[in-house]
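Participant: Okay, handing you the structure first.
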Amino acid sequence: MAAALSDVGRLPGALTVRDDPAGVAAAAAGWIVEMAGAAISGGGRFRIALAGGSTPRTLYQVLAVTPHRERTDWGRWEVYFGDERACPPDDPANNCRMAREALLDLVPVRPELIHRMEAECSDLDAAAAEYSSILASTCHTATTGSAPRLDCILLGLGENGHTASLFPGDPALQVRDRWAVRSRADYSPFDRITVTYPVLNAAAHVAFLVTGPAKGEALRGVVEGRVPAAGVRPPDGELRWFMDTAAAGSL
Ligand code: 6PG
């Protein structure tokens with residue numbers, strides 16, 4: 001274990017390790033509420049992009065109940081998504097549906113401040129371009145470059161080192177002049193919309209949520225710089241990892 005923890009210390013950014021997924025969710029929830037308070041105090045709004053997949057569900061459920069529910073001004077939250085699967089909004093695979101069930105339908109976020117990616121559209125390029133416009137028109141511009149700057153972006157880590165829907169070998173990895181594009185996953189639903197590296201790296205705070213023993217190869221890929229998640233290195237922002245001991249020990 002000692003060797004593994006020293007290896008996990010080679011990840012870029014700050015590291016928070018907890019015993020289990022529930023502990024990871026509680027730690028991440030406290031951090032998010034703190035980020036929200038600072039953003040709201042500083043500019044009156046907290047702009048956060050939620051992650052999809054399964055890991056964040058527990059975090060969203062924790063945010064939706066006492067004590068975290070009462071510790072933030074939900075009316076000041078503006079919610080975005082890091083990626084979305086090309087499926088109907090009510091499909092069980094839909095990331096926004098998961099976030100609504102676990103959090104957004106349970107707290108008083110203003111509906112007009114929830115920006116869903118319309119990935120069910122037949123023209124994914126047009127839907128991605130529309131999302132790029134939403135990001136550009138509702139966010140401040142980054143300190144470095146011209147990308148929209150979010151206060152906080154939550155990300156998961158796939159077993160092949162993908163994050164959001166930036167998959168190995170996908171052309172989306174090369175995009176620098178658009179903020180959201182279509183991409184292709186290696187598991188169903190295959191077609192996606194994802195935010196691009198310029199948005200991920202413009203953020204003030206980025207947090208990866210990684211639990212379980214299956215992400216060791218992906219974590220090694222981050223350390224060695226050979227997977228898509230390794231490209232998330234915000235030059236003017238905080239990068240943080242929240243993981244359990246099973247994930248930390250798998251590196
Ligand atoms: C998606 C997610 C994806 C996810 C990782 C990790 O739409 O699938 O955005 O990037 O975060 O695949 O997923 P788990 O948290 O389920 O392991």
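In the structure tokens, the first chain shown is A, the next is B, and so on; residue numbers restart at 1 for each chain, and ligands run from 1 in the order shown.
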What lies within 12 Å of Arg100 (chain A) using only C-alpha atoms, ignoring chain neighbours under 3 positions off, as a ChimeraX atom specification?

Facilitator: /A:50,52,57,60-61,64,79,81,89-90,92,94-97,103-109,111,114-116

Participant: List all protein, DNA and RNA residues that have at least one atom no more than 10 Å from any atom of ligand 1, counting only C-alpha atoms and all ligand atoms, and write them as a PyMOL selection string.

Facilitator: chain A and resi 50-57+81-86+93-96+154-167+185+187-190+192-194+208-212+214-215+229

Participant: Which residues are near His140 (chain A)? Cut-off 12 Å, only C-alpha atoms, ignore same chain within fewer than 3 positions. Put them as a ChimeraX atom specification.

Facilitator: /A:43,45-47,134-137,143-151,199,202-204

Participant: Which one of A:Glu120, A:Glu112, A:Asp244, A:Asp125 sits closest to Gly75 (chain A) if you count only C-alpha atoms?

Facilitator: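 Among A:Glu120, A:Glu112, A:Asp244, A:Asp125, it is A:Glu112 that comes nearest to Gly75 (chain A).
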
Participant: Can you pull out every residue within 9 Å of Gly13 (chain A), counting only C-alpha atoms, but drop anything in the same chain fewer than 6 positions away, and send it as JSON, numbers by chain?

Facilitator: {"A": [233, 238, 239, 240, 241]}

Participant: Please provide as number ranges by chain all residues within 8 Å of Tyr131 (chain A), with the sequence filter that same-chain residues fewer than 3 positions apart are discarded (counting only C-alpha atoms).

Facilitator: A: 117, 127-128, 134-135, 179-180

Participant: How would the residues just chosen look if you wrote them out with N, CA, C and O atoms as a tab-separated table (two decimals), in the first residue's frame?

Facilitator:
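Below you can see out-v8.tsv, which holds the result:
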chain	number	residue	atom	x	y	z
A	117	MET	N	-27.00	19.25	-22.82
A	117	MET	CA	-26.51	19.01	-24.18
A	117	MET	C	-27.59	18.23	-24.93
A	117	MET	O	-27.99	17.16	-24.48
A	127	ALA	N	-25.75	20.41	-32.80
A	127	ALA	CA	-26.03	20.44	-31.36
A	127	ALA	C	-24.78	20.82	-30.58
A	127	ALA	O	-24.83	21.57	-29.60
A	128	ALA	N	-23.63	20.32	-31.01
A	128	ALA	CA	-22.36	20.66	-30.35
A	128	ALA	C	-22.02	22.13	-30.55
A	128	ALA	O	-21.59	22.81	-29.62
A	134	ILE	N	-23.60	28.39	-26.19
A	134	ILE	CA	-24.12	28.57	-24.83
A	134	ILE	C	-22.98	28.80	-23.85
A	134	ILE	O	-23.01	29.71	-23.02
A	135	LEU	N	-21.92	27.99	-23.98
A	135	LEU	CA	-20.77	28.18	-23.09
A	135	LEU	C	-20.17	29.58	-23.29
A	135	LEU	O	-19.89	30.29	-22.32
A	179	TRP	N	-15.61	24.75	-28.40
A	179	TRP	CA	-15.72	24.44	-26.96
A	179	TRP	C	-16.48	23.15	-26.70
A	179	TRP	O	-16.35	22.55	-25.62
A	180	ALA	N	-17.25	22.70	-27.68
A	180	ALA	CA	-17.93	21.41	-27.60
A	180	ALA	C	-18.02	20.85	-29.02
A	180	ALA	O	-18.25	21.59	-29.98

Participant: Pull the strand (DSSP E or B) assignments for region 63-121 of chain A out of DSSP run on the backbone, and list those residues as an mmCIF file with C-alpha atoms, in the first residue's frame.

Facilitator:
data_model
loop_
_atom_site.group_PDB
_atom_site.id
_atom_site.type_symbol
_atom_site.label_atom_id
_atom_site.label_comp_id
_atom_site.auth_asym_id
_atom_site.auth_seq_id
_atom_site.Cartn_x
_atom_site.Cartn_y
_atom_site.Cartn_z
ATOM 1 C CA TRP A 77 -25.816 27.687 -9.517
ATOM 2 C CA GLU A 78 -25.520 27.486 -13.321
ATOM 3 C CA VAL A 79 -25.176 23.859 -14.417
ATOM 4 C CA TYR A 80 -23.458 22.488 -17.520
ATOM 5 C CA PHE A 81 -22.358 19.014 -18.592
ATOM 6 C CA ASP A 83 -20.440 15.331 -22.077
ATOM 7 C CA GLU A 84 -23.621 13.608 -23.142
ATOM 8 C CA ARG A 85 -24.513 10.391 -24.874
ATOM 9 C CA ILE A 114 -29.458 24.128 -16.393
#

Participant: Using DSSP secondary structure from the backbone, list all helix (DSSP H, G or I) positions within region 48-220 of chain A, as a PyMOL selection string.

Facilitator: chain A and resi 56-63+68-71+74-76+95-104+111-113+124-138+171-174+197-200+213-220

Participant: Tell me, in Å to one decimal, how far CA of Asp191 (chain A) is from CA of Leu124 (chain A).

Facilitator: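 So the two atoms, CA of Asp191 (chain A) and CA of Leu124 (chain A), lie 8.4 Å apart.
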
Participant: Distance CA of Leu59 (chain A)-CA of Asp73 (chain A), one decimal place?

Facilitator: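 Pair CA of Leu59 (chain A) / CA of Asp73 (chain A) returns 17.5 Å.
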
Participant: Quick one: everything within 9 Å of Ala27 (chain A), counting only C-alpha atoms, minus sequence neighbours fewer than 6 positions away in the same chain. Send it as a PDB file with C-alpha atoms, in the first residue's frame.

Facilitator:
ATOM      1  CA  THR A  16      -7.763  13.430  -1.564  1.00  0.00           C
ATOM      2  CA  VAL A  17      -8.037   9.734  -0.683  1.00  0.00           C
ATOM      3  CA  ARG A  18     -10.865   8.255   1.381  1.00  0.00           C
ATOM      4  CA  LEU A  59     -21.732  12.636  -4.944  1.00  0.00           C
ATOM      5  CA  PHE A 242     -10.826  12.495  -5.234  1.00  0.00           C
TER       6      PHE A 242
END

Participant: When you look at Thr196 (chain A) with a cut-off of 8 Å (counting only C-alpha atoms), what residues show up, excluding the ones that are within fewer than 4 positions of it in the same chain? I need them as number ranges by chain.

Facilitator: A: 166, 172-173, 175-176, 178-181, 200
